[in-house]
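**Student:** Provided herewith is a single structure, encoded as structure tokens, for subsequent inquiry.
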Amino acid sequence: MYPIYIGTSGYSYKDWTGILYPEVLPQSEYLKYYALQFPFVELNFSYYTMPSRNALQRLLQKTPKSFLFSIKAYKGLTHERSSDWKNHAELFLQNIAPLAENNQLAGILIQLPYSFHYTEENRQYLASLLQMLASVPCFVEFRNSEWFTDRVYEALDKRNAGLVMVDAPELRGLPTPQNLVTGNKAYIRMHGRNAQNWWEGDATNRYDYDYTDSELISWIPKIFSMAQKAVLFIAFNNHARGSAVKNAKQLTALIHARTPVY
């Protein structure tokens with residue numbers, strides 16, 4: 001079985017004080033402390049602003065060589081695409097180079113919105129984007145279930161891109177939990193199951209959810225199946241009230257308890 005990396009989406013949340021971070025710990029030391037307890041983190045600030053080389057180099061200085069980062073694609077490549085998207089892609093690739101050069105890049109997370117429908121135009125755009133980013137590992141997260149077809153799986157395989165599995169509310173049009181692996185890359189994002197706030201909520205209360213043991217245990221057969229095929233990354237995005245921290249540790253313990261010892 002390949003390694004399983006479990007972490008959270010983001011780490012610099014002040015409301016994690018007392019849950020993960022000691023009260024006296026300055027925010028500048030959060031990542032260093034986080035890396036003592038988790039093997040990887042999903043960087044999401046890069047969605048809101050183009051990351052800089054210097055900023056990423058500073059993050060690398062706070063983590064051990066074994067620690068890995070996935071990094072969310074800039075919104076100019078996913079949610080707010082414009083005519084100069086190719087320039088954004090080139091700059092993004094250049095600026096994340098320190099992570100790749102230091103062998104600490106798990107991959108780029110290309111998270112596409114529900115409004116990104118399965119159309120010829122969007123298929124061509126995604127193919128072009130993956131081609132531009134082909135020098136580094138890429139994971140594609142579709143929020144719309146229209147994309148979950150054999151044709152898409154084959155296309156991602158051809159481009160060595162991983163398809164992100166998601167845990168989200170059982171709502172019409174959203175993907176359902178599966179154990180697919182494409183491009184020899186495996187990734188799961190745990191968003192919580194807050195159906196009430198999914199469509200109308202903001203970036204905090206949409207993901208305000210605390211998984212139960214039974215909900216996490218239901219994922220374990222899929223997790224083991226995926227880890228038989230590729231290195232697997234699992235990111236908890238339910239950051240509100242520190243639930244991501246709690247659930248990441250919870251799932252880690254549940255997996256360890258069920259992993260055969262040879």
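Please note that chains go A, B, ... in the order of the structure tokens, that every chain numbers its residues from 1, and that ligands are numbered from 1 in the order shown.
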For the structure I just gave you, how does DSSP split region 42-197 of chain A - specifically, which residues are helix (DSSP H, G or I)? Reply as a ChimeraX atom specification.
**Tutor:** /A:45-48,53-61,75-77,85-95,97-101,120-132,145-147,150-158,195-197
**Student:** Next, dump the selected residues to file, keeping only C-alpha atoms, as a compact mmCIF listing (two decimals), in the first residue's frame.
**Tutor:**
```txt
# COMPACT_ATOMS: atom_id res chain seq x y z
CA PHE A 45 -4.38 31.51 0.03
CA SER A 46 -3.08 31.04 -3.51
CA TYR A 47 -6.66 30.99 -4.77
CA TYR A 48 -7.27 34.56 -3.61
CA ARG A 53 8.28 32.78 -4.68
CA ASN A 54 9.51 34.54 -1.56
CA ALA A 55 6.37 33.71 0.41
CA LEU A 56 6.64 30.04 -0.49
CA GLN A 57 10.35 29.95 0.31
CA ARG A 58 9.54 31.29 3.78
CA LEU A 59 7.01 28.49 4.26
CA LEU A 60 9.59 25.91 3.26
CA GLN A 61 11.97 27.22 5.91
CA LYS A 75 -8.89 31.97 -9.14
CA GLY A 76 -7.90 33.54 -12.47
CA LEU A 77 -7.48 29.95 -13.73
CA TRP A 85 -5.37 33.08 -18.31
CA LYS A 86 -2.26 31.70 -20.04
CA ASN A 87 -0.17 34.47 -18.48
CA HIS A 88 -1.68 33.62 -15.08
CA ALA A 89 -0.81 29.95 -15.61
CA GLU A 90 2.79 30.72 -16.56
CA LEU A 91 3.27 33.06 -13.61
CA PHE A 92 1.66 30.61 -11.18
CA LEU A 93 3.94 27.83 -12.36
CA GLN A 94 7.02 30.05 -12.06
CA ASN A 95 6.11 31.23 -8.59
CA ALA A 97 8.80 26.53 -8.39
CA PRO A 98 10.41 26.61 -4.89
CA LEU A 99 8.01 23.89 -3.73
CA ALA A 100 8.81 21.69 -6.72
CA GLU A 101 12.55 22.36 -6.57
CA GLU A 120 -16.96 21.32 -25.28
CA GLU A 121 -15.54 24.76 -24.50
CA ASN A 122 -14.78 23.82 -20.89
CA ARG A 123 -13.29 20.46 -21.89
CA GLN A 124 -10.93 22.21 -24.30
CA TYR A 125 -10.00 24.82 -21.71
CA LEU A 126 -9.20 22.22 -19.06
CA ALA A 127 -7.12 20.22 -21.53
CA SER A 128 -5.14 23.36 -22.41
CA LEU A 129 -4.64 24.27 -18.76
CA LEU A 130 -3.40 20.79 -17.85
CA GLN A 131 -1.02 20.91 -20.80
CA MET A 132 0.44 24.20 -19.56
CA SER A 145 -21.29 15.63 -11.11
CA GLU A 146 -21.62 16.07 -14.90
CA TRP A 147 -17.86 15.47 -15.17
CA ASP A 150 -15.54 7.40 -18.35
CA ARG A 151 -14.53 9.86 -21.06
CA VAL A 152 -13.28 12.32 -18.46
CA TYR A 153 -11.44 9.62 -16.50
CA GLU A 154 -9.66 8.52 -19.67
CA ALA A 155 -8.77 12.12 -20.56
CA LEU A 156 -7.31 12.77 -17.09
CA ASP A 157 -5.37 9.50 -17.26
CA LYS A 158 -3.95 10.54 -20.63
CA ALA A 195 -26.57 20.69 3.28
CA GLN A 196 -28.41 23.64 4.82
CA ASN A 197 -25.58 26.10 4.15
```
**Student:** According to DSSP computed on the backbone, where in region 21-219 of chain A is there strand (DSSP E or B)? Give the residues as JSON, numbers by chain.
**Tutor:** {"A": [21, 40, 41, 42, 43, 68, 69, 70, 71, 72, 105, 106, 107, 108, 109, 110, 111, 112, 138, 139, 140, 141, 142, 162, 163, 164, 165, 166, 167, 182, 185, 186, 187, 188, 189, 190]}
**Student:** Using only C-alpha atoms, please write the residues we just selected to a file, as a PDB file, in the first residue's frame.
**Tutor:**
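Below is the file result.pdb, written as the result:
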```pdb
ATOM      1  CA  TYR A  21      -2.247  25.943  18.619  1.00  0.00           C
ATOM      2  CA  PHE A  40       1.021  17.790   4.563  1.00  0.00           C
ATOM      3  CA  VAL A  41      -1.149  20.868   4.143  1.00  0.00           C
ATOM      4  CA  GLU A  42      -3.310  22.239   1.380  1.00  0.00           C
ATOM      5  CA  LEU A  43      -2.435  25.900   0.751  1.00  0.00           C
ATOM      6  CA  LEU A  68       4.442  18.234   1.555  1.00  0.00           C
ATOM      7  CA  PHE A  69       2.270  21.037   0.198  1.00  0.00           C
ATOM      8  CA  SER A  70      -0.565  20.975  -2.270  1.00  0.00           C
ATOM      9  CA  ILE A  71      -1.441  24.419  -3.551  1.00  0.00           C
ATOM     10  CA  LYS A  72      -4.777  25.653  -4.820  1.00  0.00           C
ATOM     11  CA  LEU A 105       5.096  19.838  -3.914  1.00  0.00           C
ATOM     12  CA  ALA A 106       2.294  17.288  -3.718  1.00  0.00           C
ATOM     13  CA  GLY A 107       0.600  19.013  -6.628  1.00  0.00           C
ATOM     14  CA  ILE A 108      -1.604  21.851  -7.852  1.00  0.00           C
ATOM     15  CA  LEU A 109      -5.247  21.608  -6.825  1.00  0.00           C
ATOM     16  CA  ILE A 110      -7.449  22.824  -9.682  1.00  0.00           C
ATOM     17  CA  GLN A 111     -10.825  23.314  -7.991  1.00  0.00           C
ATOM     18  CA  LEU A 112     -13.526  24.110 -10.522  1.00  0.00           C
ATOM     19  CA  CYS A 138      -2.086  18.281 -10.924  1.00  0.00           C
ATOM     20  CA  PHE A 139      -5.322  17.283  -9.227  1.00  0.00           C
ATOM     21  CA  VAL A 140      -8.703  18.316 -10.622  1.00  0.00           C
ATOM     22  CA  GLU A 141     -11.727  18.790  -8.389  1.00  0.00           C
ATOM     23  CA  PHE A 142     -15.078  19.033 -10.128  1.00  0.00           C
ATOM     24  CA  GLY A 162      -5.539  13.088 -10.651  1.00  0.00           C
ATOM     25  CA  LEU A 163      -9.302  13.261 -10.132  1.00  0.00           C
ATOM     26  CA  VAL A 164     -10.243  14.543  -6.675  1.00  0.00           C
ATOM     27  CA  MET A 165     -12.815  12.519  -4.751  1.00  0.00           C
ATOM     28  CA  VAL A 166     -15.091  14.608  -2.540  1.00  0.00           C
ATOM     29  CA  ASP A 167     -17.190  14.162   0.541  1.00  0.00           C
ATOM     30  CA  THR A 182      -6.606   8.682 -12.432  1.00  0.00           C
ATOM     31  CA  LYS A 185      -2.617  10.255  -8.412  1.00  0.00           C
ATOM     32  CA  ALA A 186      -5.096  10.010  -5.553  1.00  0.00           C
ATOM     33  CA  TYR A 187      -6.735  12.828  -3.577  1.00  0.00           C
ATOM     34  CA  ILE A 188      -9.770  13.190  -1.312  1.00  0.00           C
ATOM     35  CA  ARG A 189     -11.252  16.454  -0.013  1.00  0.00           C
ATOM     36  CA  MET A 190     -13.566  16.284   2.986  1.00  0.00           C
TER      37      MET A 190
END
```
**Student:** Find, counting only C-alpha atoms, the residue in A:Ala73, A:Ile96, A:Phe116, A:His239 that gets nearest to Asn144 (chain A).
**Tutor:**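 Residue with the minimum atom-to-atom distance to Asn144 (chain A): A:Phe116.
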**Student:** From the set A:Met226, A:Ala235, A:Leu254, A:Val245, which residue has the shortest atom-to-atom contact distance to Ile6 (chain A), counting only C-alpha atoms?
**Tutor:**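 Looking at the shortest contact to Ile6 (chain A), the residue is A:Ala235.
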**Student:** Determine the nearest neighbour of Tyr30 (chain A) from the options A:Thr63, A:Asp210, A:Asn44, A:Lys229, counting only C-alpha atoms.
**Tutor:**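 Between A:Thr63, A:Asp210, A:Asn44, A:Lys229, the residue approaching Tyr30 (chain A) most closely is A:Thr63.
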**Student:** So how many Å separate CA of Arg258 (chain A) and CA of Gly183 (chain A), to one decimal?
**Tutor:** 26.9 Å
**Student:** Do you know which residues are at most 10 Å from Tyr33 (chain A) counting only C-alpha atoms, after dropping those on the same chain fewer than 4 positions away, and could you put them as a PyMOL selection string?
**Tutor:** chain A and resi 11+20-22+25+27-29+37-38+62-63
**Student:** Just checking: using only C-alpha atoms, which residue out of A:Leu133, A:Arg241, A:Leu180, A:Met50 ends up closest to Ile223 (chain A)?
**Tutor:**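 So, comparing all the options, the nearest one is A:Leu180.
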**Student:** Counting only C-alpha atoms, what is within 12 Å of Tyr211 (chain A), bar same-chain residues fewer than 2 positions away, as a VMD selection string?
**Tutor:** chain A and resid 167 to 169 190 to 194 207 to 209 213 to 219 236 to 239 242 to 251
**Student:** Find, counting only C-alpha atoms, the residue in A:Arg206, A:Arg159, A:Arg143, A:Arg172 that gets nearest to His79 (chain A).
**Tutor:**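 Going through A:Arg206, A:Arg159, A:Arg143, A:Arg172 one by one, the smallest distance to His79 (chain A) is for A:Arg143.
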**Student:** Leaving out Tyr5 (chain A) and any residue of its chain fewer than 5 positions from it, which residues lie within 7 Å of it when counting only C-alpha atoms, given as a PyMOL selection string?
**Tutor:** chain A and resi 39-40+232-234
**Student:** Would you put the residues from that selection into a file with N, CA and C atoms, as a PDB file, in the first residue's frame?
**Tutor:**
```pdb
ATOM      1  N   PRO A  39       1.484  15.607   8.133  1.00  0.00           N
ATOM      2  CA  PRO A  39       2.533  15.430   7.124  1.00  0.00           C
ATOM      3  C   PRO A  39       2.384  16.297   5.882  1.00  0.00           C
ATOM      4  N   PHE A  40       1.201  16.917   5.723  1.00  0.00           N
ATOM      5  CA  PHE A  40       1.021  17.790   4.563  1.00  0.00           C
ATOM      6  C   PHE A  40      -0.093  18.790   4.838  1.00  0.00           C
ATOM      7  N   LEU A 232      -1.791   8.704  -1.587  1.00  0.00           N
ATOM      8  CA  LEU A 232      -3.095   9.328  -1.366  1.00  0.00           C
ATOM      9  C   LEU A 232      -2.988  10.513  -0.421  1.00  0.00           C
ATOM     10  N   PHE A 233      -3.578  11.636  -0.848  1.00  0.00           N
ATOM     11  CA  PHE A 233      -3.665  12.832  -0.013  1.00  0.00           C
ATOM     12  C   PHE A 233      -5.119  13.032   0.397  1.00  0.00           C
ATOM     13  N   ILE A 234      -5.340  13.301   1.675  1.00  0.00           N
ATOM     14  CA  ILE A 234      -6.684  13.554   2.199  1.00  0.00           C
ATOM     15  C   ILE A 234      -6.657  14.881   2.941  1.00  0.00           C
TER      16      ILE A 234
END
```
